[in-house]
Each structure stands twice: as C-alpha cells, then as structure tokens.
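Undergrad: Can you read through this structure? Questions will come right after.
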Amino acid sequence: MRDSGYDIIVVGAGHAGCEAAAAAANMGAKVLLITMDMTKIAQMSCNPAMGGIGKGQIIREIDALGGYSGIVSDKTSIQFRMLNRSKGPAMWSPRSQNDRTLFSLEWRSVLESLPNVFFRQDHVRALTFSGDKVSGVITGTGSEISAGAVILTNGTFLNGVIHIGEKNFEGGRIGESSSKGISAQLAERGFETGRMKTGTPPRIDGRSINYAVLEEQQGDSEPGKFSYMDNTSPLYTNGPEGRKKQRNCHIAYTSPEVHEILKTGFEQSPMFQGRIKGLGPRYCPSIEDKINRFSDRDRHQLFVEPEGWDTVEVYLNGFSTSLPESIQIQALRKVKGFEKCVFFRPGYAIEYDFFSPMQLFPSLETKMVEGLYFAGQINGTTGYEEAACQGLVAGINAALKLQRKPMFHMKRSDSYIGVLIDDLITKGTDEPYRMFTSRAEYRISLRQDNADQRLSPVGIELGTLKGARKDSFLQRQKDFTEASKAFKSISISPEEINHKIAELGGSSISQKVKGSYLLSRPGISWTDLLLSNVVKEALIGLHPDAISAAETAIKYEGYIDREKELAGKMDRLEGIVLHPDFEYQRLSSLSAEAREKLSKARPSTLGQASRISGVSPADISVLMVYLGR
Amino acid sequence: MYQLSQDTICGISTPPGTGGIAVIRISGPGTFGAMEEILQAGKGKKVSVSALKPRTLMRVQIMDGDYILDEALLTIFPGPKSFTGEDVAELSVHGSRYIQQQTLMLLQRKGCRIAEPGEFTFRGFMNRKFDLSQAEAIADLVDSSSATAHQIAMQQMRGGFSSKIKVLREHLLDFASLLELELDFSEEDVEFADRKDLGNLLQKVRTIVVRLVESFEVGNVIKNGIPVVIAGKPNVGKSTLLNALLDEERAIVSEIPGTTRDTIEDEIVIDGILFRFIDTAGIRQTVDVIENIGVERTFEKIKQSSIVIYLFDIHEITATELRGILNEINKHNKNAHLLVVGNKIDKEDEEYTRNEFKDFPGILFISAKERKGLDELKGELVKVFDTRALQVRETVVTNARHVQALRNALSALEKVNDGLKNNFSGEMIASDLRLALYHLGTITGEVTTDDLLQNIFSRFCIGK
C-alpha cells in the first residue's frame with residue numbers, strides 16, 4: 001500500500017518529536033507524526049520535572065521561538081522553583097515538577113489543535129532513499145509512506161536493551177518494545193554509530209512512605225513560569241479545589257547500612273560486570289556508582305518527587321540503579337521513612353544506539369543523507385529540554401529546506417540551544433550530553449529573562465511565533481525599551497532615595513543621579529526606584545517582566561558589552577562558510593593535526609573550525625587566506 | 001577596510017637574534033600615536049608624524065622616559081599605502097636583543113600588542129593588499145610559525161619549571177571548578193567553597209603568575225647577557241679596563257655565530273657566559289660620565305645591571321672615602337652584586353694598599369693597563385653568576401608574547417580578586433576568571449569547559 005505522502009515525517013513522539021512536528025506544521029508543512037503508542041506522547045520517561053540549571057533557560061528559549069514545551073510545562077506544573085536565586089539573575093534557572101499524565105495529554109491536545117499534524121500509531125522498520133536523499137519510511141505494518149524530509153527522534157528505542165541485575169531484555173522503555181532495523185540500515189550507509197547507557201530509579205507507592213520523617217521541599221511562594229505568555233497559568237494559581245496548592249517534594253538520605261546492602265549486589269551489577277558497554281552520564285550516576293566512586297561519603301540525598309496531582313506514585317530521584325530488584329528493595333527499606341516501601345516498578349538501566357552528532361550540519365540534517373534529520377537522544381544527548389530544543393531546530397530546518405530557504409543556524413552567542421548544537425556537531429560526545437551553564441562562553445548574555453529578546457524576532461521571521469504570542473512579544477519589547485529609557489534618562493534626587501540606600505546599607509548619593517546609575521549598584525532593584533514619582537509614572541502599565549529585564553541588562557552592562565565584543569569577533573568567523581567537500585588534506589600549509597581533525601569534523605563555518613581542538617589560530621588564518629578573506 | 005584591526009600590533013620583522021640592525025614594525029590605528037609618544041627628534045624635540053614625509057627615513061631617538069634607549073631610523077607608511085593597508089611605521093634600531101626587547105615592551109606600554117605569527121601579512125591580505133595568486137606563499141609563511149603556542153611555551157620552559165606550570169594549571173582548574181560548582185550545581189549535596197577559601201586559592205595562583213612575570217626579567221639576563229656597569233670617578237681607568245677585557249676575549253667572542261663587530265664591543269663571553277656592558281660606549285667616549293656618584297643617571301644604570309664594578313684609583317682615595325661612596329651606591333642598589341676593584345696597582349705599594357683596604361671583603365686589585373689581575377676579576381664575574389645561578393635556573397618565560405599574556409592574566413585576576421572581596425555574584429567573578437584563563441592558555445595549555453566538568457565530576461558526587 002502506498003500513502004499519498006507528506007512533507008515531513010517525524011519518527012517518534014517524545015519531546016523532540018513533538019516540538020519538531022509542531023514547528024514544521026506551524027511553518028506550513030504537512031507533517032506525519034509516527035509513534036508506537038499514542039498514549040505515550042511526550043512521555044516523561046525519567047523524572048517528572050522540567051527545567052533546572054541550564055535546562056530551564058533552554059525551555060525559555062524554546063518558548064521564545066514559538067515551541068510548546070514551556071506552555072505544556074506551565075499548564076501541568078505541580079510545583080515551581082526558580083533555582084540559583086541566591087546568584088545573579090544571569091544564573092536564575094526555572095524548574096517545575098509536573099503531572100506526568102497531564103503533561104502527555106496536554107502535548108497531545110497541542111498537537112491535535114494543529115491542523116497540519118497527522119498521526120499514525122505504528123513503528124518504522126526502515127527508511128527509503130532516492131539516491132543520497134531520504135524519500136520516506138516503511139512501517140511495521142508494511143506501509144510505505146513518502147515524504148520530502150524525515151526527522152528521526154527515536155530516543156532510547158534504537159536496539160534498546162534493558163538491564164535489571166543479571167536479567168536483560170530488549171525494550172525501548174520498560175514494558176515497551178525496542179525499534180530495530182533503522183540503525184543497521186544507516187550503519188550500512190556509512191553512519192558512525194555507538195552505544196550509550198542511561199538509567200532510571202524505582203517508582204514507589206507513596207502510600208508506603210512515612211513522609212513525617214522526611215525533609216520537606218516546597219515550591220516558591222511566588223511561583224514563576226516558563227512561558228512568556230500570561231495565559232498559561234499552572235493549576236495552583238487558578239485551578240479547581242484540591243489543586244490550589246503546590247505539591248511538595250521530600251528529601252531522604254541513604255546510610256552506610258543501605259550502602260552495605262547495595263554492595264552485596266555488585267556481583268550481579270550489569271555495569272560492574274561489563275555487560276553494559278555503553279557509557280553513562282557522569283553527572284547522573286547510578287546509586288551503585290556513587291557508592292563505588294565516593295566511598296568516603298556515608299550518605300547520599302534522595303529526592304521524593306510526586307508524579308502528579310492525583311496519583312500516589314512517586315519518583316525516587318537519586319536512586320537510579322540497575323541492581324537486582326531484590327537488592328533495590330532490601331536496601332531502600334533501610335532508608336529512614338522507606339521501611340515499608342512498595343515498588344510500582346524497579347529501577348533499570350537501558351542501553352541504546354546513538355549516532356555521532358559530528359555527522360550533522362548545524363541544521364541537524366545529516367551530512368550523508370539529504371533530507372534526513374536527527375534530534376534528541378539519537379544524537380547522544382540526555383534530558384527532555386535538550387531533546388525538545390533539537391526537535392524544534394530540526395523541525396524548523398526541515399520545513400525551511402522544503403521551502404528552499406537557507407538553514408536556520410543558531411549561534412553560541414544567541415542561545416543555549418546554539419551552544420548545545422555547536423558542541424555536539426563540533427566536538428561530538430562520548431557520554432550522554434547535558435547542558436550546563438558553564439558550557440556557554442556568553443553566559444551573562446544568555447539569561448532566562450531575555451530569551452525572548454534574543455530569539456523571538458527570529459521566531460516571528462520563521463513563522464513559528466505568531467498570533468497572540470507574537471503580539472505579546474512585541475508589546476513586551478516596547479515596554480522593555482520604554483523601561484530602559486526611563487532608567488537611563490530620569491534623574492533621582494538624594495532626598496527621594498537616600499533613606500532607602502541607607503536601609504540597604506549602601507553609601508548615600510550627594511547629587512541627582514540617573515536611575516541606571518543606582519541600578520548598577522548591587523542590592524538596589526527597580527522597585528526601589530519607584531520612590532521617585534517620575535520613575536513610577538514612566539513605568540505605569542509596563543509589563544513587570546519587561547521592566548526587570550531592562551533592570552538586569554543595566555546591572556550586567558559591562559559584562560554584556562565584553563561578551564558582545566568577544567561574540568562579535570567570533571561572529572566574523574561564523575559568517576565564513578566552509579564547503580562540506582573542502583579538501584583539507586590538500587592544504588599542505590595546515591598542520592597535520594588540523595588536516596585530520598577538519599577532515600573528520602567537516603565544520604560548516606570557520607568559527608566552528610576554530611573550536612575544534614587541535615586547530616590552531618594559525619590554521620584558521622591559513623583557511624581564511626585560502627577562502628580569499 | 002578589514003574590521004578586526006581595532007588594535008595596533010608590533011613585532012620584529014628581521015630574523016630573531018642579534019644583528020647589526022633590527023626592524024620593528026608597527027601597524028594599526030594607534031601606530032602614529034605610539035610613535036609620537038616614544039620618539040623624540042632631538043633633545044626635547046617632539047616628533048610630529050603628520051609633518052613627516054611618508055616613506056622617507058628620519059633620524060629619531062627612542063625614549064624610555066628620560067632615558068635614550070637607542071638612536072633609530074623611522075619610516076612611516078600611512079594607510080592604505082602600506083604593507084598591511086593600515087597606518088604602518090618601521091623603526092630600524094640597533095640590533096642588540098636588549099634594545100629590540102625593550103622597544104617592544106615600550107610599545108606595549110603605549111597600547112600596542114605583540115603581533116601573532118603572520119599577523120602583518122594576514123592584515124595585508126584582509127585589506128586586499130595581495131591578490132589570491134599570492135595566497136599559497138602567504139599561507140606557507142603563516143604556517144611556518146603555526147606550532148601551537150602552548151607547545152612553544154613548553155619547549156621554552158626549563159627543566160624544573162614545567163612542574164610549576166603544572167601546579168599553576170591545577171590551581172587554576174581547581175579555582176575555576178569551585179566557582180563553576182556553585183553556579184551549575186548549587187542544588188547538589190556537596191560542600192561549596194567559601195569566599196575565604198577561594199581567596200586563598202586565588203592568592204596561590206597570583207603568586208605563581210607574578211613569579212613567572214618576574215622570571216622573564218631573569219630569563220632575559222641569560223638571553224641578552226648579564227648586564228654589568230663599570231662605575232667610578234673620571235680617569236680611574238674604566239675604558240682601559242673595558243678594552244682590556246674586550247681584547248682578551250675577542251677571539252672567543254667572534255666565534256659566536258651571528259655576532260658582528262658592532263656588538264662584540266660591549267658583549268663579552270667568559271666561560272660560556274655572556275656579559276653585557278651597559279652604555280659602555282659612553283664610558284669610552286666621555287670619561288666623565290660618572291663624575292659625581294650622586295648623579296641620577298648613574299643610579300639608573302646601576303638599577304638595570306646585575307653586577308656593578310666600582311673601579312677606583314688606589315692612589316687617589318682613602319678607605320674612609322671609599323666606604324662613603326659604597327654606602328651611597330648600596331642605598332640605591334638592591335639587586336645588583338657589587339664588585340669593588342682598585343686599579344693602578346703596582347709592585348711597590350701593593351702591600352700598603354692591601355693593608356689600607358683590608359676591611360673590604362672581596363675587594364680586588366688590578367692594573368688594567370698592565371693587564372694584571374684580570375683573570376681574577378673574570379673569575380669573580382663568573383662566580384657571581386654561579387652563586388646567583390639558582391635563581392637564574394627558575395627562568396621560564398623568555399618570550400615577550402608570553403609576558404604580555406601573563407600581564408593580561410594578572411590584571412584579570414586582579415578583577416577576580418576585587419570581585420571576591422566585594423562579594424560580587426559568582427557569575428561575574430567567573431566571567432573575569434575566564435578572561436584570565438584565556439590569557440594563560442598559551443602558558444598552561446587551554447583550560448576548557450570539559451576540563452572543568454571532568455574535574456568537578458571526579459571530585460564531587462554530582463547527580464541525582
């Protein structure tokens with residue numbers, strides 16, 4: 001049977017697949033989203049939380065570009081915290097606990113509201129090609145479906161193998177089958193593939209936990225949001241009875257006794273016994289790994305995270321493990337508060353195929369097969385946020401390609417998403433890649449408060465940010481400009497502000513100064529400036545988010561300028577395009593190491609080339625000369 | 001015009017080492033300003049670049065403050081009619097490595113920076129001063145110095161010191177890791193360093209960087225010769241002594257490849273060690289340079305030297321008077337080693353003289369004219385070097401580019417320190433530290449985010 005065909009087929013409906021499908025559809029493409037299980041759309045396979053340090057910024061960026069992860073997170077949030085509040089605003093990172101089931105349902109209804117998105121519950125057995133181009137997919141039920149572009153977002157499903165103690169079996173998630181065929185087919189075409197490993201902790205029946213002896217962790221008293229839109233309020237702000245209060249998390253601790261029991265399982269550990277070959281993330285180690293590597297520590301923190309509003313199921317963050325189930329439960333019952341705990345399901349480790357991301361363009365299109373895009377764990381990343389943003393970029397680029405428009409290339413200086421993609425395609429990764437703020441060289445410029453300023457204009461141009469979302473941005477932007485102008489032009493007199501400065505412990509001013517001067521002092525915030533009636537009047541009616549964004553920009557001005565200068569230098573290199581078929585080996589003036597590294601990485605721009613280790617500034621000069629620049 | 005060149009670069013365009021003359025090239029928007037600042041046309045006469053005729057030679061003096069560093073020739077090439085397309089100046093200076101190095105440092109103090117390998121050519125290319133057919137040749141030129149800066153640095157590091165560099169790198173890595181730890185992993189159950197710990201760690205880093213900068217001065221001593229000043233009243237025989245030393249050693253000197261007659265005259269190799277006599281030309285021309293020991297200039301020179309030979313005429317000075325003079329010299333001199341040498345000794349009064357000055361330890365008696373006691377003096381010079389050799393072996397930085405990197409790093413580290421003291425938020429301190437890491441990269445090897453994360457993960461139990 002032959003289907004009439006689509007513009008774009010998205011394989012997999014996880015966080016990457018959903019964003020990809022939505023973005024492409026919003027840009028006018030006819031999209032088919034294929035998933036093995038329609039009830040598992042945007043499933044939170046690991047912890048029921050979105051955001052975090054470095055990750056929350058990504059969700060804000062997705063939102064600024066017109067993606068939906070922020071909106072879905074807000075609507076299904078059961079607790080919100082702004083992490084890193086004690087640091088400067090550049091470090092603030094939003095994070096929410098979410099209702100796992102609602103999250104999935106909400107995403108499904110987002111997708112169903114987009115007329116250009118079509119669904120099919122099936123699995124993809126193989127890709128079809130026409131020469132060096134992808135032409136569609138063949139499904140498990142035998143259908144051949146054609147498309148101009150295919151986006152693979154297979155998560156952990158490609159040749160997935162699940163390990164629990166000495167048992168192991170094929171599967172993409174527990175209780176779900178793995179996906180076979182695609183990896184072998186791509187490997188045959190010359191794709192470099194590898195194995196990665198990740199793990200997840202047991203899910204526990206909350207009724208068996210004695211919460212009274214655990215530490216409580218509450219949400220913020222004034223919870224924030226991910227989305228820049230005002231109408232995406234979480235249920236606890238305006239929801240029905242029983243959902244008016246944020247849910248708490250709880251903290252428990254392991255003990256030496258717990259560790260001793262876990263150690264008895266090491267002989268059956270698939271990791272220690274070498275049955276797992278793939279590399280796991282160092283920053284998300286299993287509990288057995290933590291005990292093994294940090295044997296001097298006599299306790300480790302465990303976070304008890306609720307899975308939703310109405311369920312007793314809880315997620316035990318910090319206890320990821322692939323030890324035998326009997327050991328898992330024995331050990332856990334020695335944790336204070338968990339003496340009688342009962343599992344919904346044990347923790348497990350999963351191994352899966354990934355493809356070296358160095359085989360991708362910045363658009364996430366593969367270099368080897370035109371029209372084929374990869375996003376998410378298939379590229380060696382970990383995390384919902386990392387996956388979602390890649391899906392968004394792949395979806396946008398696939399749509400652009402079909403419109404015969406130049407690719408959408410995000411830069412290190414404009415977003416964490418740009419940092420992530422550049423890191424992946426330039427350096428590759430041998431462990432699951434996670435975002436950290438330290439990965440961004442322009443960290444002070446890449447803030448959660450200004451993701452819209454950085455990216456929304458692009459979203460509008462691309463067509464992913466439209467309607468009310470576009471209008472809202474333009475209004476905030478206007479407010480921002482007005483607030484900045486007010487701070488920089490209105491003078492404040494000593495009489496108006498000195499008593500406040502004294503209260504804050506600063507040194508008083510002796511003559512009239514501009515608001516921006518006061519804001520650049522640590523400790524003074526824009527709300528303090530409201531003591532001046534002129535400032536107060538100028539700010540009336542402006543969106544508070546826009547005002548505080550203006551404030552933050554002033555507070556960091558010197559640092560931001562420096563980053564701009566550095567980014568400007570780098571941008572000039574980013575603007576110089578390297579042909580994918582450039583014959584580096586022929587360039588004898590390049591150092592031998594540079595020739596080898598460049599031939600392998602095939603950077604798209606000179607800027608990207610400059611970040612490859614082993615490529616020296618002199619090598620870059622040589623390339624510039626050759627390119628006639 | 002090509003936009004990267006907001007800064008002004010300088011570099012030596014002639015082959016490295018000592019030659020008859022050396023050409024220093026300066027290019028960029030600040031070129032002519034820097035020229036006006038460091039040059040004078042004659043005593044007290046300013047150089048006005050705008051009044052100069054392009055591409056013609058002009059005689060100038062390079063001024064280090066009030067001190068004439070060298071007599072030089074200046075040529076200016078206003079952009080775009082220059083090699084790089086920018087404003088360019090070329091200074092032909094005398095070829096000693098000391099003068100070259102000092103001129104470059106002077107330029108850096110006036111806001112120029114040392115050019116990257118091939119950067120003049122590169123700028124010229126960017127400004128389309130060459131056509132593409134010349135590309136290959138230019139690329140090869142650039143490539144000839146393309147070994148990574150770190151490798152060069154490592155090669156230049158002497159034995160024991162590379163371990164110091166390793167320690168510096170480790171301290172930096174630790175410091176940066178602790179800063180990043182509290183930014184990226186504030187939610188983790190680990191112990192964060194307090195500001196005092198960070199301050200202590202930073203102090204260690206700064207101490208090493210300061211030492212490295214200082215080692216440059218020592219490194220220069222080896223490369224450019226140990227500076228020696230012969231001081232003394234008029235007519236005590238200073239020039240006779242110098243000529244005697246030069247004559248003795250000429251045969252050895254002329255075997256050193258690349259040296260010319262011009263430079264032999266004030267450089268002497270004894271036992272393989274190069275000694276350089278500061279401003280000796282002056283000694284020969286004007287016998288009364290050091291007429292009065294109180295004259296500022298004398299002390300200026302003493303400051304630049306590692307060894308001061310104080311020469312006196314045994315017939316014209318008493319022990320008391322000598323003691324007074326030596327006290328005066330010592331007041332102005334902290335670092336140089338002082339050799340007290342009595343000249344014009346003869347058989348008849350030798351015993352009397354030795355007795356008269358017996359209270360001066362290490363005093364030497366010579367007769368420069370009769371070539372008596374010169375071996376002893378040379379032995380003493382070598383001995384001074386040997387006893388100071390421990391310090392000399394600490395040399396690590398021998399390259400002006402590295403010194404510049406270290407100085408830049410140091411000023412970024414100052415900001416880090418300010419941030420710590422004033423309780424700035426961690427991301428601001430980290431931003432300044434990144435700048436320091438960037439500058440130190442050529443010395444320590446690059447410190448990447450991956451290095452930091454690796455260090456954090458190996459030391460702290462991160463992850464839920």
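In the structure tokens, each chain is lettered A, B, ... as it comes, each chain's residues begin at 1, and ligands are numbered from 1 in order of appearance.
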Excluding A:Ile251 and its own-chain neighbours fewer than 5 positions away, which residues fall within 9 Å of it when counting only C-alpha atoms? Please give them as a list in words.

TA: Leu214, Glu215, Glu216, Gln217, Gln301, Leu302, Phe303, Val304 and Glu305 of chain A

Undergrad: At a cut-off of 7 Å, list the chain A residues touching chain B, using only C-alpha atoms, as a ChimeraX atom specification.

TA: /A:53,84,87-88,282-285,290,294,301,317-318,436-439,589-590,616,618,622,625-626,628-629

Undergrad: Point out the residue among B:Leu246, B:Ile329, B:Leu241, B:Leu168 with the least atom-to-atom distance to B:Gly342, counting only C-alpha atoms.

TA: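 Checking each candidate against B:Gly342, we get B:Leu241 as the closest.
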
Undergrad: Would you kindly return, as an mmCIF file with N, CA and C atoms, in the first residue's frame, each protein, DNA or RNA residue with an atom no farther than 7 Å from any atom of A:Thr429, considering only C-alpha atoms and excluding same-chain residues fewer than 3 positions away?

TA:
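The resulting file, out-v6.cif, is shown below:
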data_model
loop_
_atom_site.group_PDB
_atom_site.id
_atom_site.type_symbol
_atom_site.label_atom_id
_atom_site.label_comp_id
_atom_site.auth_asym_id
_atom_site.auth_seq_id
_atom_site.Cartn_x
_atom_site.Cartn_y
_atom_site.Cartn_z
ATOM 1 N N GLY A 380 23.036 11.548 21.059
ATOM 2 C CA GLY A 380 23.907 11.414 22.216
ATOM 3 C C GLY A 380 23.626 12.400 23.327
ATOM 4 N N LEU A 424 27.799 19.658 20.033
ATOM 5 C CA LEU A 424 27.550 18.315 19.512
ATOM 6 C C LEU A 424 28.204 18.111 18.159
ATOM 7 N N TYR A 433 25.073 13.834 26.595
ATOM 8 C CA TYR A 433 25.394 15.252 26.734
ATOM 9 C C TYR A 433 24.268 15.980 27.443
#

Undergrad: Suppose you want the space between atom CA of A:Arg469 and atom CA of A:Thr232; what is it in Å?

TA: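 Between atom CA of A:Arg469 and atom CA of A:Thr232 the gap is 11.3 Å.
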
Undergrad: What's around stretch 75-79 of chain B at 12 Å? Count only C-alpha atoms, leave out sequence neighbours fewer than 6 positions away in its own chain, and write the answer as an mmCIF file with N, CA and C atoms, in the first residue's frame.

TA:
data_model
loop_
_atom_site.group_PDB
_atom_site.id
_atom_site.type_symbol
_atom_site.label_atom_id
_atom_site.label_comp_id
_atom_site.auth_asym_id
_atom_site.auth_seq_id
_atom_site.Cartn_x
_atom_site.Cartn_y
_atom_site.Cartn_z
ATOM 1 N N MET B 1 37.509 48.868 5.004
ATOM 2 C CA MET B 1 38.749 48.185 5.395
ATOM 3 C C MET B 1 38.440 47.056 6.376
ATOM 4 N N VAL B 23 64.577 45.581 12.472
ATOM 5 C CA VAL B 23 63.453 46.416 12.074
ATOM 6 C C VAL B 23 62.227 46.034 12.892
ATOM 7 N N ILE B 24 61.682 47.023 13.558
ATOM 8 C CA ILE B 24 60.461 46.799 14.328
ATOM 9 C C ILE B 24 59.318 47.427 13.553
ATOM 10 N N ARG B 25 58.288 46.618 13.313
ATOM 11 C CA ARG B 25 57.172 47.125 12.508
ATOM 12 C C ARG B 25 55.958 47.302 13.411
ATOM 13 N N ILE B 26 55.249 48.383 13.189
ATOM 14 C CA ILE B 26 54.050 48.669 13.976
ATOM 15 C C ILE B 26 52.925 48.933 12.986
ATOM 16 N N SER B 27 51.760 48.357 13.226
ATOM 17 C CA SER B 27 50.654 48.539 12.293
ATOM 18 C C SER B 27 49.331 48.640 13.036
ATOM 19 N N GLY B 28 48.494 49.548 12.582
ATOM 20 C CA GLY B 28 47.176 49.680 13.195
ATOM 21 C C GLY B 28 46.864 51.135 13.483
ATOM 22 N N PRO B 29 45.636 51.390 13.924
ATOM 23 C CA PRO B 29 45.193 52.776 14.109
ATOM 24 C C PRO B 29 46.017 53.561 15.128
ATOM 25 N N GLY B 30 46.641 52.875 16.089
ATOM 26 C CA GLY B 30 47.371 53.606 17.129
ATOM 27 C C GLY B 30 48.840 53.792 16.817
ATOM 28 N N THR B 31 49.248 53.406 15.601
ATOM 29 C CA THR B 31 50.671 53.400 15.264
ATOM 30 C C THR B 31 51.334 54.767 15.454
ATOM 31 N N PHE B 32 50.738 55.772 14.801
ATOM 32 C CA PHE B 32 51.425 57.070 14.799
ATOM 33 C C PHE B 32 51.393 57.714 16.184
ATOM 34 N N GLY B 33 50.305 57.482 16.903
ATOM 35 C CA GLY B 33 50.224 57.998 18.270
ATOM 36 C C GLY B 33 51.340 57.430 19.121
ATOM 37 N N MET B 35 54.167 56.261 18.097
ATOM 38 C CA MET B 35 55.453 56.795 17.652
ATOM 39 C C MET B 35 55.727 58.148 18.309
ATOM 40 N N GLU B 36 54.696 58.995 18.294
ATOM 41 C CA GLU B 36 54.895 60.321 18.880
ATOM 42 C C GLU B 36 55.188 60.236 20.367
ATOM 43 N N VAL B 47 58.420 64.522 17.972
ATOM 44 C CA VAL B 47 58.231 64.070 16.594
ATOM 45 C C VAL B 47 56.762 64.275 16.249
ATOM 46 N N SER B 48 56.496 64.952 15.133
ATOM 47 C CA SER B 48 55.117 65.104 14.696
ATOM 48 C C SER B 48 54.944 64.305 13.413
ATOM 49 N N VAL B 49 54.243 63.202 13.545
ATOM 50 C CA VAL B 49 54.154 62.271 12.427
ATOM 51 C C VAL B 49 53.472 62.916 11.222
ATOM 52 N N SER B 50 52.462 63.756 11.510
ATOM 53 C CA SER B 50 51.719 64.341 10.392
ATOM 54 C C SER B 50 52.620 65.247 9.547
ATOM 55 N N ALA B 51 53.713 65.747 10.141
ATOM 56 C CA ALA B 51 54.609 66.629 9.404
ATOM 57 C C ALA B 51 55.656 65.844 8.617
ATOM 58 N N LEU B 52 55.678 64.520 8.828
ATOM 59 C CA LEU B 52 56.718 63.723 8.179
ATOM 60 C C LEU B 52 56.333 63.370 6.751
ATOM 61 N N LYS B 53 57.339 63.225 5.933
ATOM 62 C CA LYS B 53 57.094 62.793 4.571
ATOM 63 C C LYS B 53 57.030 61.267 4.586
ATOM 64 N N PRO B 54 55.939 60.708 4.024
ATOM 65 C CA PRO B 54 55.839 59.243 4.026
ATOM 66 C C PRO B 54 56.994 58.590 3.280
ATOM 67 N N ARG B 55 57.335 57.420 3.725
ATOM 68 C CA ARG B 55 58.335 56.571 3.062
ATOM 69 C C ARG B 55 59.714 57.224 2.935
ATOM 70 N N THR B 56 60.033 58.110 3.883
ATOM 71 C CA THR B 56 61.404 58.632 3.923
ATOM 72 C C THR B 56 61.952 58.401 5.321
ATOM 73 N N LEU B 57 63.273 58.267 5.374
ATOM 74 C CA LEU B 57 63.880 57.962 6.666
ATOM 75 C C LEU B 57 64.035 59.216 7.506
ATOM 76 N N MET B 58 63.824 59.038 8.808
ATOM 77 C CA MET B 58 64.071 60.160 9.701
ATOM 78 C C MET B 58 64.821 59.645 10.916
ATOM 79 N N ARG B 59 65.803 60.451 11.332
ATOM 80 C CA ARG B 59 66.584 60.015 12.481
ATOM 81 C C ARG B 59 65.847 60.398 13.767
ATOM 82 N N VAL B 60 65.698 59.447 14.663
ATOM 83 C CA VAL B 60 64.964 59.707 15.908
ATOM 84 C C VAL B 60 65.683 59.061 17.089
ATOM 85 N N GLY B 85 47.990 47.853 4.698
ATOM 86 C CA GLY B 85 46.826 48.658 4.353
ATOM 87 C C GLY B 85 46.449 49.611 5.478
ATOM 88 N N GLU B 86 47.077 49.408 6.646
ATOM 89 C CA GLU B 86 46.796 50.286 7.784
ATOM 90 C C GLU B 86 47.951 51.282 7.921
ATOM 91 N N ASP B 87 47.853 52.170 8.892
ATOM 92 C CA ASP B 87 48.992 53.020 9.211
ATOM 93 C C ASP B 87 50.128 52.134 9.713
ATOM 94 N N VAL B 88 51.280 52.277 9.095
ATOM 95 C CA VAL B 88 52.411 51.437 9.481
ATOM 96 C C VAL B 88 53.619 52.327 9.762
ATOM 97 N N ALA B 89 54.411 51.939 10.756
ATOM 98 C CA ALA B 89 55.694 52.590 10.971
ATOM 99 C C ALA B 89 56.752 51.505 11.069
ATOM 100 N N GLU B 90 57.934 51.810 10.598
ATOM 101 C CA GLU B 90 59.048 50.888 10.769
ATOM 102 C C GLU B 90 60.184 51.605 11.455
ATOM 103 N N LEU B 91 60.697 51.001 12.486
ATOM 104 C CA LEU B 91 61.799 51.577 13.242
ATOM 105 C C LEU B 91 63.014 50.688 13.026
ATOM 106 N N SER B 92 64.078 51.263 12.506
ATOM 107 C CA SER B 92 65.324 50.486 12.427
ATOM 108 C C SER B 92 66.145 50.827 13.661
ATOM 109 N N VAL B 93 66.327 49.832 14.504
ATOM 110 C CA VAL B 93 67.055 50.071 15.756
ATOM 111 C C VAL B 93 68.375 49.310 15.703
ATOM 112 N N ARG B 123 46.853 40.771 7.936
ATOM 113 C CA ARG B 123 46.119 42.036 7.834
ATOM 114 C C ARG B 123 46.211 42.579 6.422
ATOM 115 N N GLY B 124 47.395 42.466 5.855
ATOM 116 C CA GLY B 124 47.583 42.930 4.494
ATOM 117 C C GLY B 124 46.650 42.195 3.548
ATOM 118 N N ASN B 127 43.075 43.287 3.852
ATOM 119 C CA ASN B 127 42.832 44.588 3.242
ATOM 120 C C ASN B 127 43.116 44.574 1.741
ATOM 121 N N LYS B 129 45.673 43.753 0.024
ATOM 122 C CA LYS B 129 46.942 44.272 -0.463
ATOM 123 C C LYS B 129 47.635 43.241 -1.343
#

Undergrad: Which distance in Å separates atom CA of B:Val340 and atom CA of B:Leu364, to one decimal?

TA: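 That distance, rounded to one decimal, is 6.4 Å.
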
Undergrad: Here is a test: counting only C-alpha atoms, which residue of A:His300, A:His259, A:His250, A:Arg345 is nearest to A:Arg203?

TA: A:Arg345

Undergrad: Just list the residues in stretch 32-273 of chain A DSSP gives strand (DSSP E or B) on the backbone, as a ChimeraX atom specification.

TA: /A:32-35,49-51,77-83,93-98,117-121,124-130,133-139,144-152,158,161-164,167-170,173,176,179,193-200,203-205,215-217,249-253

Undergrad: Tell me, as a VMD selection string, which residues lie within 9 Å of A:Ser177, counting only C-alpha atoms; anything in the same chain fewer than 4 positions away does not count.

TA: chain A and resid 36 157 160 170 to 173

Undergrad: For the residues in the current selection, export C-alpha atoms as a compact mmCIF listing (two decimals), in the first residue's frame.

TA:
# COMPACT_ATOMS: atom_id res chain seq x y z
CA MET A 36 4.46 3.26 18.58
CA PHE A 157 14.41 2.85 21.37
CA GLY A 160 17.30 -0.72 23.24
CA GLU A 170 15.06 -5.88 24.56
CA GLY A 171 12.92 -2.79 25.02
CA GLY A 172 12.74 0.94 24.41
CA ARG A 173 11.30 1.72 27.83
